[in-house]
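Here is the structure we will look at, set down as structure tokens.
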Amino acid sequence: MPSPAAVNDGLAERFETVIGLEIHVQLQTRTKLFCSCPNAFGGAPNSRTCPICLGMPGALPVLNEAAVRYATRAALALGCVVNRRSRFARKNYFYPDLPKGYQISQYDQPLAGEGRFELDVEGRRQSVRIIRLHLEEDAGKSIHDGMPRSATGSYVDLNRCGVPLVEIVTAPELRSAGEAVAFLSALRDTLLYLEVTDASMEEGSLRCDANISLREHGAATLNPKTELKNLNSFRFLRQALAFEIERQAALLAAGEPLRQGTRLFDERGGETIAMRVKEEAHDYRYFPEPDLVPVALDEAALAAAAAAVPELPLARFDRFVAPAGYELSTDAAAELVAERRRADYFEAMVAAGAAPQAAANWVRMEIGRWLNESAAEMAGFPVPAAAMAELLRAIDDGTVAAGVAGQVMDRMAETGRAAADIIAGEAFRQISASDQLAPVVKAVLAAHPDEVAAFHGGREQVFGFLMGQVMKATQGKANPDTVRRLVRAGLER
Ligand code: ZN
Ligand code: MN
């Protein structure tokens, strides 16, 4: 990417960066927000539409209660105050992917106000204020390329019209591109824990706009901001902000005025490009949606939403590393906690008797390997946690060699049989008997006279090599303690 940083080295440090994010999240409901069309990604263009989401005159919207439930759950997880009563409003603007000529959104009475979201930024705890969370419908998509007559016109696909969204707006409290990325990442993890969205940035179910301005350190007022639209990956968010910080710093340093406006990030050029001067709220002529009654939440609905909020990733991380908890390393805890099902599986193994450290290693290493090789998600791992705990017990009591336990796990996944079964029936048993291993050790030493001589000449590290040769000769089934003892004895002879 073109790097103004190289030219204006250190310029950005003269100013304080102020970033606020607006995040749109598609809710994973079965149907759309105001009609019964299926809510799913893709499909033949305009195949998932009806008079309501096409905006036909006279068609009346009916609110999807599941969307309200999901949005309320998300609001509570972000520490937001949920309003007992909220209402929809029409946001009027013209665009080909918006057939009604307005978007049904929430304006003066959103579903939820003020919240606080705590996150970890490179080991430092930070809490970011949430200004609001509201429900709205998605618009369709314009297609500019790849269609038969793309050269002369654009096409429109309205399948996405009416897909439920929550919009989450943060206060301008983020102070660097790194903090913005950390926030979006933590928010994504949390939303996935809530099981309200698939949060796929490639498919557009999590979309981020960033508002950014710079000011003198210590200044109380904000300068005009730039709104960066539709940053659809963590990398683009970071790059666009980095570019914009340098661009604005150069303008400020030169004494030139900043202008409020919307800019697009050009992924190929790695730079932001002016799109339009930012419209104000009054440009949208918001007014209350007359076709929908206000959203009312009673005590029972709020209690049910609260009950559906699981332990969130950060709290879980703290519990996993706590001395009174599993006492895992921060790396292990972070990796396990990043995905709810993986952390669940780990905890199920521990509940079935596995030692936390060993269980964590197995989930991260061997199960991770299996998932990679099988191109599967954690949910697709077929071995129950209790069966895995049994395998770990077999390693502990010496029934199976640690070196081949991964293969035992593979067989368990393949056949659905228990560890004990596979170890008994197949050649996975650990070889601990000295009389079985002694000839192997002897052969290995005889085959490596140079290494043996080197060892006697003081090169202690050759010991590990010779041990490795014995393990290899036994396909990893030898008991390492026995091998160590025999190699040591063989060398001393
Ligand atoms: Zn529809
Ligand atoms: Mn919006």
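By convention here, the chains of the structure tokens are called A, B, ... in the order presented, each chain's residues are numbered starting at 1, and ligands are numbered starting at 1 in the order presented.
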
Can you check which residues of range 173-329 of chain A DSSP gives as alpha helix (DSSP H) on the backbone and send them as a short mmCIF file (atom, residue, chain, number, x, y, z; two decimals) with N, CA and C atoms, in the first residue's frame?
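See states_12.cif below for the written result:
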```cif
data_model
loop_
_atom_site.label_atom_id
_atom_site.label_comp_id
_atom_site.auth_asym_id
_atom_site.auth_seq_id
_atom_site.Cartn_x
_atom_site.Cartn_y
_atom_site.Cartn_z
N ALA A 177 -5.69 2.35 15.44
CA ALA A 177 -6.20 1.30 14.56
C ALA A 177 -6.18 -0.04 15.30
N GLY A 178 -5.14 -0.28 16.09
CA GLY A 178 -5.03 -1.53 16.84
C GLY A 178 -6.19 -1.71 17.82
N GLU A 179 -6.56 -0.63 18.51
CA GLU A 179 -7.68 -0.73 19.45
C GLU A 179 -8.99 -1.00 18.71
N ALA A 180 -9.15 -0.37 17.54
CA ALA A 180 -10.37 -0.58 16.77
C ALA A 180 -10.47 -2.04 16.32
N VAL A 181 -9.37 -2.59 15.87
CA VAL A 181 -9.36 -3.98 15.43
C VAL A 181 -9.62 -4.91 16.61
N ALA A 182 -9.00 -4.62 17.75
CA ALA A 182 -9.21 -5.45 18.94
C ALA A 182 -10.67 -5.40 19.36
N PHE A 183 -11.29 -4.22 19.27
CA PHE A 183 -12.70 -4.10 19.64
C PHE A 183 -13.57 -4.95 18.72
N LEU A 184 -13.36 -4.79 17.42
CA LEU A 184 -14.21 -5.50 16.46
C LEU A 184 -14.05 -7.02 16.64
N SER A 185 -12.82 -7.43 16.90
CA SER A 185 -12.55 -8.85 17.07
C SER A 185 -13.22 -9.40 18.33
N ALA A 186 -13.12 -8.65 19.43
CA ALA A 186 -13.75 -9.09 20.68
C ALA A 186 -15.27 -9.08 20.55
N LEU A 187 -15.78 -8.07 19.85
CA LEU A 187 -17.23 -8.00 19.64
C LEU A 187 -17.70 -9.20 18.82
N ARG A 188 -16.94 -9.53 17.80
CA ARG A 188 -17.29 -10.67 16.95
C ARG A 188 -17.32 -11.96 17.77
N ASP A 189 -16.27 -12.18 18.57
CA ASP A 189 -16.22 -13.38 19.41
C ASP A 189 -17.44 -13.45 20.33
N THR A 190 -17.78 -12.31 20.91
CA THR A 190 -18.92 -12.26 21.84
C THR A 190 -20.23 -12.57 21.12
N LEU A 191 -20.43 -11.97 19.95
CA LEU A 191 -21.67 -12.21 19.21
C LEU A 191 -21.78 -13.68 18.81
N LEU A 192 -20.64 -14.31 18.49
CA LEU A 192 -20.67 -15.73 18.15
C LEU A 192 -21.04 -16.56 19.38
N TYR A 193 -20.53 -16.16 20.55
CA TYR A 193 -20.92 -16.85 21.79
C TYR A 193 -22.42 -16.80 22.00
N LEU A 194 -23.01 -15.67 21.61
CA LEU A 194 -24.45 -15.46 21.85
C LEU A 194 -25.30 -16.28 20.88
N PHE A 234 -10.69 -7.52 9.01
CA PHE A 234 -9.87 -6.88 10.04
C PHE A 234 -8.68 -6.16 9.40
N ARG A 235 -8.14 -6.79 8.37
CA ARG A 235 -6.97 -6.22 7.71
C ARG A 235 -7.33 -4.88 7.05
N PHE A 236 -8.48 -4.84 6.37
CA PHE A 236 -8.88 -3.60 5.70
C PHE A 236 -9.18 -2.51 6.73
N LEU A 237 -9.79 -2.89 7.85
CA LEU A 237 -10.07 -1.91 8.90
C LEU A 237 -8.76 -1.28 9.35
N ARG A 238 -7.77 -2.13 9.62
CA ARG A 238 -6.49 -1.63 10.10
C ARG A 238 -5.80 -0.74 9.04
N GLN A 239 -5.80 -1.22 7.80
CA GLN A 239 -5.13 -0.47 6.73
C GLN A 239 -5.82 0.86 6.45
N ALA A 240 -7.15 0.83 6.40
CA ALA A 240 -7.89 2.06 6.08
C ALA A 240 -7.66 3.10 7.17
N LEU A 241 -7.69 2.66 8.44
CA LEU A 241 -7.48 3.60 9.54
C LEU A 241 -6.06 4.15 9.52
N ALA A 242 -5.09 3.26 9.28
CA ALA A 242 -3.69 3.70 9.24
C ALA A 242 -3.50 4.74 8.14
N PHE A 243 -4.08 4.49 6.99
CA PHE A 243 -3.96 5.44 5.89
C PHE A 243 -4.60 6.77 6.26
N GLU A 244 -5.78 6.69 6.84
CA GLU A 244 -6.55 7.89 7.16
C GLU A 244 -5.87 8.72 8.25
N ILE A 245 -5.24 8.06 9.20
CA ILE A 245 -4.51 8.76 10.26
C ILE A 245 -3.40 9.60 9.64
N GLU A 246 -2.66 8.99 8.74
CA GLU A 246 -1.56 9.71 8.09
C GLU A 246 -2.09 10.83 7.20
N ARG A 247 -3.16 10.56 6.50
CA ARG A 247 -3.72 11.59 5.59
C ARG A 247 -4.17 12.82 6.37
N GLN A 248 -4.91 12.56 7.46
CA GLN A 248 -5.42 13.69 8.24
C GLN A 248 -4.29 14.41 8.97
N ALA A 249 -3.30 13.64 9.44
CA ALA A 249 -2.17 14.26 10.15
C ALA A 249 -1.43 15.21 9.21
N ALA A 250 -1.27 14.79 7.96
CA ALA A 250 -0.56 15.64 7.00
C ALA A 250 -1.33 16.93 6.75
N LEU A 251 -2.67 16.82 6.65
CA LEU A 251 -3.50 18.02 6.44
C LEU A 251 -3.41 18.95 7.64
N LEU A 252 -3.54 18.36 8.83
CA LEU A 252 -3.51 19.18 10.05
C LEU A 252 -2.16 19.88 10.21
N ALA A 253 -1.11 19.12 9.95
CA ALA A 253 0.24 19.68 10.11
C ALA A 253 0.48 20.81 9.12
N GLU A 299 -41.16 -7.91 31.68
CA GLU A 299 -40.20 -8.49 32.61
C GLU A 299 -39.77 -9.89 32.17
N ALA A 300 -40.76 -10.68 31.75
CA ALA A 300 -40.48 -12.07 31.37
C ALA A 300 -39.57 -12.13 30.14
N ALA A 301 -39.83 -11.24 29.18
CA ALA A 301 -39.01 -11.23 27.96
C ALA A 301 -37.57 -10.84 28.29
N LEU A 302 -37.42 -9.86 29.17
CA LEU A 302 -36.07 -9.42 29.56
C LEU A 302 -35.35 -10.52 30.34
N ALA A 303 -36.08 -11.19 31.22
CA ALA A 303 -35.47 -12.26 32.02
C ALA A 303 -35.03 -13.40 31.10
N ALA A 304 -35.87 -13.73 30.11
CA ALA A 304 -35.53 -14.82 29.19
C ALA A 304 -34.29 -14.45 28.37
N ALA A 305 -34.22 -13.19 27.94
CA ALA A 305 -33.05 -12.75 27.16
C ALA A 305 -31.79 -12.81 28.03
N ALA A 306 -31.92 -12.39 29.28
CA ALA A 306 -30.76 -12.41 30.19
C ALA A 306 -30.30 -13.85 30.42
N ALA A 307 -31.25 -14.76 30.53
CA ALA A 307 -30.91 -16.16 30.78
C ALA A 307 -30.20 -16.78 29.59
N PRO A 313 -16.67 -14.49 26.54
CA PRO A 313 -15.29 -14.94 26.36
C PRO A 313 -14.29 -14.37 27.38
N LEU A 314 -14.41 -13.09 27.70
CA LEU A 314 -13.42 -12.49 28.59
C LEU A 314 -13.51 -13.08 30.01
N ALA A 315 -14.73 -13.25 30.48
CA ALA A 315 -14.93 -13.83 31.82
C ALA A 315 -14.42 -15.27 31.83
N ARG A 316 -14.68 -15.95 30.74
CA ARG A 316 -14.24 -17.34 30.65
C ARG A 316 -12.72 -17.42 30.65
N PHE A 317 -12.10 -16.51 29.90
CA PHE A 317 -10.64 -16.44 29.87
C PHE A 317 -10.09 -16.26 31.28
N ASP A 318 -10.67 -15.32 32.01
CA ASP A 318 -10.20 -15.06 33.38
C ASP A 318 -10.33 -16.30 34.24
N ARG A 319 -11.42 -17.02 34.06
CA ARG A 319 -11.63 -18.23 34.86
C ARG A 319 -10.63 -19.33 34.46
N PHE A 320 -10.33 -19.41 33.17
CA PHE A 320 -9.41 -20.46 32.69
C PHE A 320 -7.98 -20.25 33.18
N VAL A 321 -7.55 -18.99 33.33
CA VAL A 321 -6.17 -18.74 33.75
C VAL A 321 -6.05 -18.64 35.27
#
```

Distance table requested - chain A against ligand 2, cut-off 10 Å, only C-alpha atoms and all ligand atoms: one row per qualifying residue with the closest atom pair and its distance in Å to one decimal, ordered by chain and rising residue number, as a tab-separated table.
```
residue	atom	partner	partner_atom_place_in_ligand_line	distance
A:Glu22	CA	ligand 2	1 (Mn)	8.1
A:Ile23	CA	ligand 2	1 (Mn)	8.2
A:His24	CA	ligand 2	1 (Mn)	6.6
A:Val25	CA	ligand 2	1 (Mn)	9.6
A:Lys91	CA	ligand 2	1 (Mn)	9.4
A:Gln103	CA	ligand 2	1 (Mn)	8.8
A:Ile104	CA	ligand 2	1 (Mn)	9.7
A:Ser105	CA	ligand 2	1 (Mn)	7.3
A:Gln106	CA	ligand 2	1 (Mn)	8.9
A:Tyr107	CA	ligand 2	1 (Mn)	10.0
A:His134	CA	ligand 2	1 (Mn)	8.5
A:Leu135	CA	ligand 2	1 (Mn)	8.5
A:Glu136	CA	ligand 2	1 (Mn)	6.8
A:Glu137	CA	ligand 2	1 (Mn)	8.3
A:Asp138	CA	ligand 2	1 (Mn)	8.1
A:Ala139	CA	ligand 2	1 (Mn)	9.8
A:Leu165	CA	ligand 2	1 (Mn)	8.1
A:Val166	CA	ligand 2	1 (Mn)	7.9
A:Glu167	CA	ligand 2	1 (Mn)	5.6
A:Ile168	CA	ligand 2	1 (Mn)	8.6
A:Val169	CA	ligand 2	1 (Mn)	9.5
A:Asp209	CA	ligand 2	1 (Mn)	9.8
```

Using DSSP on the backbone coordinates, identify the residues of range 32-140 of chain A assigned to strand (DSSP E or B); present them as a CSV table (one decimal) with all heavy atoms, in the first residue's frame.
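The resulting selection.csv:
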```
chain,number,residue,atom,x,y,z
A,38,PRO,N,-37.2,-16.7,3.6
A,38,PRO,CA,-36.1,-17.3,4.3
A,38,PRO,C,-34.9,-16.3,4.4
A,38,PRO,O,-34.7,-15.5,3.5
A,38,PRO,CB,-35.7,-18.5,3.5
A,38,PRO,CG,-36.6,-18.5,2.3
A,38,PRO,CD,-37.6,-17.4,2.4
A,81,VAL,N,-28.5,-0.7,28.4
A,81,VAL,CA,-29.8,-0.5,29.0
A,81,VAL,C,-30.9,-0.8,27.9
A,81,VAL,O,-30.9,-0.2,26.9
A,81,VAL,CB,-30.0,0.9,29.5
A,81,VAL,CG1,-31.4,1.1,30.1
A,81,VAL,CG2,-29.0,1.3,30.5
A,82,VAL,N,-31.7,-1.9,28.2
A,82,VAL,CA,-32.7,-2.2,27.2
A,82,VAL,C,-34.0,-1.4,27.5
A,82,VAL,O,-34.4,-1.4,28.6
A,82,VAL,CB,-33.0,-3.7,27.2
A,82,VAL,CG1,-34.1,-4.1,26.2
A,82,VAL,CG2,-31.7,-4.5,26.8
A,85,ARG,N,-39.7,-0.1,25.9
A,85,ARG,CA,-40.5,0.3,24.8
A,85,ARG,C,-39.6,1.0,23.7
A,85,ARG,O,-38.9,1.9,24.1
A,85,ARG,CB,-41.6,1.3,25.2
A,85,ARG,CG,-42.8,1.4,24.4
A,85,ARG,CD,-43.7,2.6,25.0
A,85,ARG,NE,-44.2,3.4,23.9
A,85,ARG,CZ,-45.3,3.2,23.3
A,85,ARG,NH1,-46.1,2.2,23.7
A,85,ARG,NH2,-45.7,4.0,22.3
A,86,SER,N,-39.6,0.4,22.5
A,86,SER,CA,-38.9,1.1,21.5
A,86,SER,C,-39.8,1.2,20.2
A,86,SER,O,-40.9,0.5,20.2
A,86,SER,CB,-37.6,0.4,21.1
A,86,SER,OG,-37.9,-0.9,20.7
A,89,ALA,N,-38.8,3.5,12.9
A,89,ALA,CA,-38.9,4.7,12.1
A,89,ALA,C,-38.5,4.5,10.7
A,89,ALA,O,-37.8,3.6,10.4
A,89,ALA,CB,-38.0,5.8,12.8
A,90,ARG,N,-39.0,5.3,9.8
A,90,ARG,CA,-38.6,5.2,8.4
A,90,ARG,C,-37.4,6.2,8.2
A,90,ARG,O,-37.5,7.3,8.5
A,90,ARG,CB,-39.8,5.6,7.5
A,90,ARG,CG,-40.9,4.6,7.5
A,90,ARG,CD,-41.9,4.9,6.5
A,90,ARG,NE,-43.0,3.9,6.6
A,90,ARG,CZ,-44.1,3.9,5.8
A,90,ARG,NH1,-44.2,4.9,4.9
A,90,ARG,NH2,-45.0,3.0,5.9
A,91,LYS,N,-36.4,5.6,7.6
A,91,LYS,CA,-35.2,6.4,7.2
A,91,LYS,C,-35.3,6.5,5.7
A,91,LYS,O,-35.1,5.5,5.0
A,91,LYS,CB,-34.0,5.6,7.6
A,91,LYS,CG,-32.7,6.3,7.3
A,91,LYS,CD,-31.5,5.5,7.8
A,91,LYS,CE,-30.1,6.2,7.5
A,91,LYS,NZ,-29.0,5.4,8.0
A,92,ASN,N,-35.6,7.7,5.2
A,92,ASN,CA,-35.9,7.8,3.8
A,92,ASN,C,-34.7,8.2,3.0
A,92,ASN,O,-33.9,9.1,3.3
A,92,ASN,CB,-36.9,9.0,3.6
A,92,ASN,CG,-38.2,8.7,4.3
A,92,ASN,OD1,-39.1,8.0,3.8
A,92,ASN,ND2,-38.4,9.2,5.5
A,102,TYR,N,-37.4,3.7,1.5
A,102,TYR,CA,-37.0,4.0,2.9
A,102,TYR,C,-36.6,2.7,3.6
A,102,TYR,O,-37.0,1.6,3.1
A,102,TYR,CB,-38.2,4.6,3.7
A,102,TYR,CG,-39.5,3.8,3.8
A,102,TYR,CD1,-39.6,2.8,4.8
A,102,TYR,CD2,-40.5,4.0,2.9
A,102,TYR,CE1,-40.8,2.1,4.8
A,102,TYR,CE2,-41.6,3.3,2.9
A,102,TYR,CZ,-41.8,2.3,3.9
A,102,TYR,OH,-42.9,1.5,3.9
A,103,GLN,N,-35.8,2.8,4.6
A,103,GLN,CA,-35.4,1.7,5.4
A,103,GLN,C,-36.1,1.7,6.7
A,103,GLN,O,-36.2,2.8,7.3
A,103,GLN,CB,-33.9,1.7,5.7
A,103,GLN,CG,-33.3,0.6,6.5
A,103,GLN,CD,-31.9,0.9,7.0
A,103,GLN,OE1,-31.5,2.1,7.2
A,103,GLN,NE2,-31.1,-0.1,7.3
A,104,ILE,N,-36.7,0.6,7.1
A,104,ILE,CA,-37.3,0.5,8.5
A,104,ILE,C,-36.2,0.3,9.5
A,104,ILE,O,-35.5,-0.7,9.4
A,104,ILE,CB,-38.4,-0.5,8.6
A,104,ILE,CG1,-39.5,-0.4,7.5
A,104,ILE,CG2,-39.0,-0.5,10.0
A,104,ILE,CD1,-40.6,-1.4,7.6
A,105,SER,N,-36.0,1.4,10.3
A,105,SER,CA,-34.9,1.4,11.3
A,105,SER,C,-35.5,1.8,12.6
A,105,SER,O,-36.7,1.9,12.8
A,105,SER,CB,-33.8,2.3,10.7
A,105,SER,OG,-32.7,2.3,11.7
A,112,ALA,N,-32.1,-0.3,22.5
A,112,ALA,CA,-31.2,-0.3,23.7
A,112,ALA,C,-30.3,1.0,23.6
A,112,ALA,O,-29.8,1.4,22.5
A,112,ALA,CB,-30.3,-1.5,23.8
A,113,GLY,N,-30.0,1.5,24.8
A,113,GLY,CA,-29.1,2.7,24.9
A,113,GLY,C,-27.8,2.3,25.6
A,113,GLY,O,-27.5,1.1,25.8
A,114,GLU,N,-27.1,3.3,26.0
A,114,GLU,CA,-25.9,3.2,26.8
A,114,GLU,C,-25.5,1.8,27.3
A,114,GLU,O,-26.2,1.2,28.1
A,114,GLU,CB,-25.9,4.1,28.0
A,114,GLU,CG,-25.9,5.6,27.7
A,114,GLU,CD,-24.5,6.1,27.4
A,114,GLU,OE1,-23.5,5.7,28.1
A,114,GLU,OE2,-24.4,6.7,26.3
A,115,GLY,N,-24.3,1.4,26.9
A,115,GLY,CA,-23.7,0.2,27.5
A,115,GLY,C,-22.2,0.3,27.6
A,115,GLY,O,-21.6,1.4,27.4
A,116,ARG,N,-21.6,-0.7,28.1
A,116,ARG,CA,-20.1,-0.7,28.2
A,116,ARG,C,-19.6,-2.1,27.9
A,116,ARG,O,-20.2,-3.1,28.3
A,116,ARG,CB,-19.8,-0.4,29.7
A,116,ARG,CG,-18.8,0.7,29.7
A,116,ARG,CD,-18.4,1.3,31.0
A,116,ARG,NE,-18.2,2.8,30.7
A,116,ARG,CZ,-17.3,3.3,29.9
A,116,ARG,NH1,-16.5,2.5,29.3
A,116,ARG,NH2,-17.1,4.5,29.7
A,117,PHE,N,-18.6,-2.2,27.1
A,117,PHE,CA,-18.1,-3.5,26.7
A,117,PHE,C,-16.6,-3.6,27.0
A,117,PHE,O,-15.8,-2.7,26.6
A,117,PHE,CB,-18.3,-3.6,25.2
A,117,PHE,CG,-17.8,-5.0,24.6
A,117,PHE,CD1,-18.4,-6.1,25.0
A,117,PHE,CD2,-16.8,-5.0,23.7
A,117,PHE,CE1,-18.0,-7.4,24.5
A,117,PHE,CE2,-16.4,-6.2,23.2
A,117,PHE,CZ,-17.0,-7.4,23.6
A,118,GLU,N,-16.3,-4.6,27.8
A,118,GLU,CA,-14.9,-4.7,28.3
A,118,GLU,C,-14.2,-5.7,27.3
A,118,GLU,O,-14.7,-6.7,26.9
A,118,GLU,CB,-14.9,-5.3,29.7
A,118,GLU,CG,-13.6,-4.8,30.4
A,118,GLU,CD,-13.3,-5.6,31.7
A,118,GLU,OE1,-14.2,-6.3,32.2
A,118,GLU,OE2,-12.2,-5.5,32.2
A,119,LEU,N,-12.9,-5.3,27.0
A,119,LEU,CA,-12.1,-6.1,26.1
A,119,LEU,C,-10.7,-6.1,26.5
A,119,LEU,O,-10.3,-5.3,27.4
A,119,LEU,CB,-12.3,-5.8,24.7
A,119,LEU,CG,-11.7,-4.4,24.2
A,119,LEU,CD1,-11.3,-4.5,22.8
A,119,LEU,CD2,-12.7,-3.3,24.4
A,120,ASP,N,-9.9,-7.0,26.0
A,120,ASP,CA,-8.5,-7.1,26.2
A,120,ASP,C,-7.8,-6.6,25.0
A,120,ASP,O,-8.0,-7.1,23.9
A,120,ASP,CB,-8.2,-8.6,26.5
A,120,ASP,CG,-6.7,-8.8,26.8
A,120,ASP,OD1,-5.8,-8.5,26.0
A,120,ASP,OD2,-6.5,-9.2,28.0
A,121,VAL,N,-6.9,-5.5,25.2
A,121,VAL,CA,-6.1,-5.0,24.1
A,121,VAL,C,-4.7,-5.3,24.4
A,121,VAL,O,-4.1,-4.7,25.2
A,121,VAL,CB,-6.3,-3.5,23.9
A,121,VAL,CG1,-5.6,-3.0,22.6
A,121,VAL,CG2,-7.8,-3.1,23.8
A,124,ARG,N,-4.0,-5.6,28.0
A,124,ARG,CA,-4.5,-4.5,28.8
A,124,ARG,C,-6.0,-4.5,28.7
A,124,ARG,O,-6.6,-4.6,27.7
A,124,ARG,CB,-3.9,-3.2,28.2
A,124,ARG,CG,-4.2,-1.9,28.9
A,124,ARG,CD,-3.4,-0.8,28.3
A,124,ARG,NE,-3.4,-0.8,26.8
A,124,ARG,CZ,-4.3,-0.2,26.1
A,124,ARG,NH1,-5.3,0.4,26.6
A,124,ARG,NH2,-4.2,-0.3,24.7
A,125,ARG,N,-6.7,-4.3,29.9
A,125,ARG,CA,-8.1,-4.3,29.9
A,125,ARG,C,-8.6,-2.9,29.6
A,125,ARG,O,-8.0,-1.9,30.0
A,125,ARG,CB,-8.7,-4.6,31.3
A,125,ARG,CG,-8.6,-6.1,31.6
A,125,ARG,CD,-9.4,-6.9,30.7
A,125,ARG,NE,-8.8,-8.3,30.5
A,125,ARG,CZ,-9.1,-9.3,31.2
A,125,ARG,NH1,-10.1,-9.2,32.1
A,125,ARG,NH2,-8.6,-10.5,31.0
A,126,GLN,N,-9.6,-2.8,28.7
A,126,GLN,CA,-10.2,-1.5,28.3
A,126,GLN,C,-11.7,-1.7,28.2
A,126,GLN,O,-12.2,-2.7,27.8
A,126,GLN,CB,-9.6,-1.2,27.0
A,126,GLN,CG,-9.9,0.2,26.6
A,126,GLN,CD,-9.2,0.6,25.3
A,126,GLN,OE1,-8.3,-0.1,24.8
A,126,GLN,NE2,-9.6,1.7,24.7
A,127,SER,N,-12.4,-0.6,28.6
A,127,SER,CA,-13.8,-0.7,28.5
A,127,SER,C,-14.3,0.4,27.5
A,127,SER,O,-13.8,1.5,27.6
A,127,SER,CB,-14.5,-0.7,29.8
A,127,SER,OG,-15.3,0.4,30.0
A,128,VAL,N,-15.1,0.0,26.6
A,128,VAL,CA,-15.5,1.0,25.5
A,128,VAL,C,-17.0,1.2,25.7
A,128,VAL,O,-17.8,0.3,25.9
A,128,VAL,CB,-15.2,0.4,24.1
A,128,VAL,CG1,-15.8,1.3,23.0
A,128,VAL,CG2,-13.7,0.2,24.0
A,129,ARG,N,-17.4,2.5,25.7
A,129,ARG,CA,-18.8,2.8,25.9
A,129,ARG,C,-19.6,2.6,24.6
A,129,ARG,O,-19.1,2.8,23.5
A,129,ARG,CB,-18.9,4.3,26.2
A,129,ARG,CG,-20.3,4.8,26.7
A,129,ARG,CD,-20.1,6.1,27.5
A,129,ARG,NE,-19.7,7.2,26.7
A,129,ARG,CZ,-20.5,7.9,25.9
A,129,ARG,NH1,-21.8,7.7,25.9
A,129,ARG,NH2,-20.0,8.9,25.2
A,130,ILE,N,-20.7,2.0,24.7
A,130,ILE,CA,-21.6,1.7,23.6
A,130,ILE,C,-22.7,2.8,23.7
A,130,ILE,O,-23.2,3.0,24.8
A,130,ILE,CB,-22.3,0.3,23.7
A,130,ILE,CG1,-21.3,-0.8,23.9
A,130,ILE,CG2,-23.2,0.1,22.5
A,130,ILE,CD1,-20.4,-1.1,22.7
A,131,ILE,N,-23.0,3.5,22.6
A,131,ILE,CA,-24.0,4.5,22.6
A,131,ILE,C,-25.4,4.0,22.4
A,131,ILE,O,-26.3,4.3,23.2
A,131,ILE,CB,-23.7,5.6,21.5
A,131,ILE,CG1,-22.4,6.3,21.9
A,131,ILE,CG2,-24.8,6.5,21.4
A,131,ILE,CD1,-21.9,7.3,20.8
A,132,ARG,N,-25.5,3.0,21.5
A,132,ARG,CA,-26.8,2.5,21.3
A,132,ARG,C,-26.8,1.2,20.5
A,132,ARG,O,-25.7,0.9,19.9
A,132,ARG,CB,-27.8,3.4,20.6
A,132,ARG,CG,-27.2,3.8,19.2
A,132,ARG,CD,-28.0,4.9,18.6
A,132,ARG,NE,-29.1,4.4,17.8
A,132,ARG,CZ,-30.3,5.0,17.7
A,132,ARG,NH1,-30.5,6.2,18.3
A,132,ARG,NH2,-31.3,4.6,16.9
A,133,LEU,N,-27.8,0.4,20.6
A,133,LEU,CA,-28.0,-0.8,19.7
A,133,LEU,C,-29.4,-0.7,19.2
A,133,LEU,O,-30.4,-0.6,20.0
A,133,LEU,CB,-27.7,-2.0,20.5
A,133,LEU,CG,-27.9,-3.4,19.8
A,133,LEU,CD1,-26.9,-4.4,20.4
A,133,LEU,CD2,-29.3,-3.9,19.9
A,134,HIS,N,-29.6,-0.8,17.9
A,134,HIS,CA,-31.0,-0.8,17.4
A,134,HIS,C,-31.2,-1.8,16.3
A,134,HIS,O,-30.2,-2.4,15.8
A,134,HIS,CB,-31.4,0.6,17.0
A,134,HIS,CG,-30.8,1.1,15.7
A,134,HIS,ND1,-29.9,2.2,15.7
A,134,HIS,CD2,-30.9,0.7,14.4
A,134,HIS,CE1,-29.5,2.4,14.5
A,134,HIS,NE2,-30.1,1.5,13.7
A,135,LEU,N,-32.4,-2.1,16.1
A,135,LEU,CA,-32.9,-3.1,15.1
A,135,LEU,C,-33.2,-2.3,13.8
A,135,LEU,O,-33.8,-1.3,13.8
A,135,LEU,CB,-34.1,-3.8,15.5
A,135,LEU,CG,-34.1,-5.1,16.2
A,135,LEU,CD1,-35.5,-5.5,16.7
A,135,LEU,CD2,-33.6,-6.2,15.2
A,136,GLU,N,-32.8,-2.9,12.7
A,136,GLU,CA,-33.3,-2.4,11.4
A,136,GLU,C,-33.2,-3.5,10.3
A,136,GLU,O,-32.7,-4.6,10.6
A,136,GLU,CB,-32.4,-1.2,11.0
A,136,GLU,CG,-30.9,-1.5,10.8
A,136,GLU,CD,-30.1,-0.2,10.5
A,136,GLU,OE1,-30.5,0.8,11.0
A,136,GLU,OE2,-29.0,-0.4,9.8
A,137,GLU,N,-33.7,-3.2,9.2
A,137,GLU,CA,-33.7,-4.1,8.1
A,137,GLU,C,-32.5,-3.9,7.2
A,137,GLU,O,-32.1,-2.7,7.0
A,137,GLU,CB,-35.0,-4.1,7.3
A,137,GLU,CG,-35.3,-2.7,6.6
A,137,GLU,CD,-36.6,-2.7,5.8
A,137,GLU,OE1,-37.1,-3.8,5.5
A,137,GLU,OE2,-37.0,-1.6,5.5
```

Which chain A residues have any atom within 8 Å of an atom of ligand 1, and for each, what is the nearest pair of atoms with distance in Å to one decimal, counting only C-alpha atoms and all ligand atoms, rows sorted by chain and number, as CSV?
```
residue,atom,partner,partner_atom_place_in_ligand_line,distance
A:Lys32,CA,ligand 1,1 (Zn),6.8
A:Phe34,CA,ligand 1,1 (Zn),7.3
A:Cys35,CA,ligand 1,1 (Zn),4.7
A:Ser36,CA,ligand 1,1 (Zn),5.8
A:Cys37,CA,ligand 1,1 (Zn),4.3
A:Pro38,CA,ligand 1,1 (Zn),7.7
A:Arg48,CA,ligand 1,1 (Zn),6.6
A:Thr49,CA,ligand 1,1 (Zn),4.3
A:Cys50,CA,ligand 1,1 (Zn),3.9
A:Pro51,CA,ligand 1,1 (Zn),6.3
A:Ile52,CA,ligand 1,1 (Zn),5.2
A:Cys53,CA,ligand 1,1 (Zn),4.1
A:Leu54,CA,ligand 1,1 (Zn),6.8
A:Cys161,CA,ligand 1,1 (Zn),7.7
A:Gly162,CA,ligand 1,1 (Zn),7.0
```
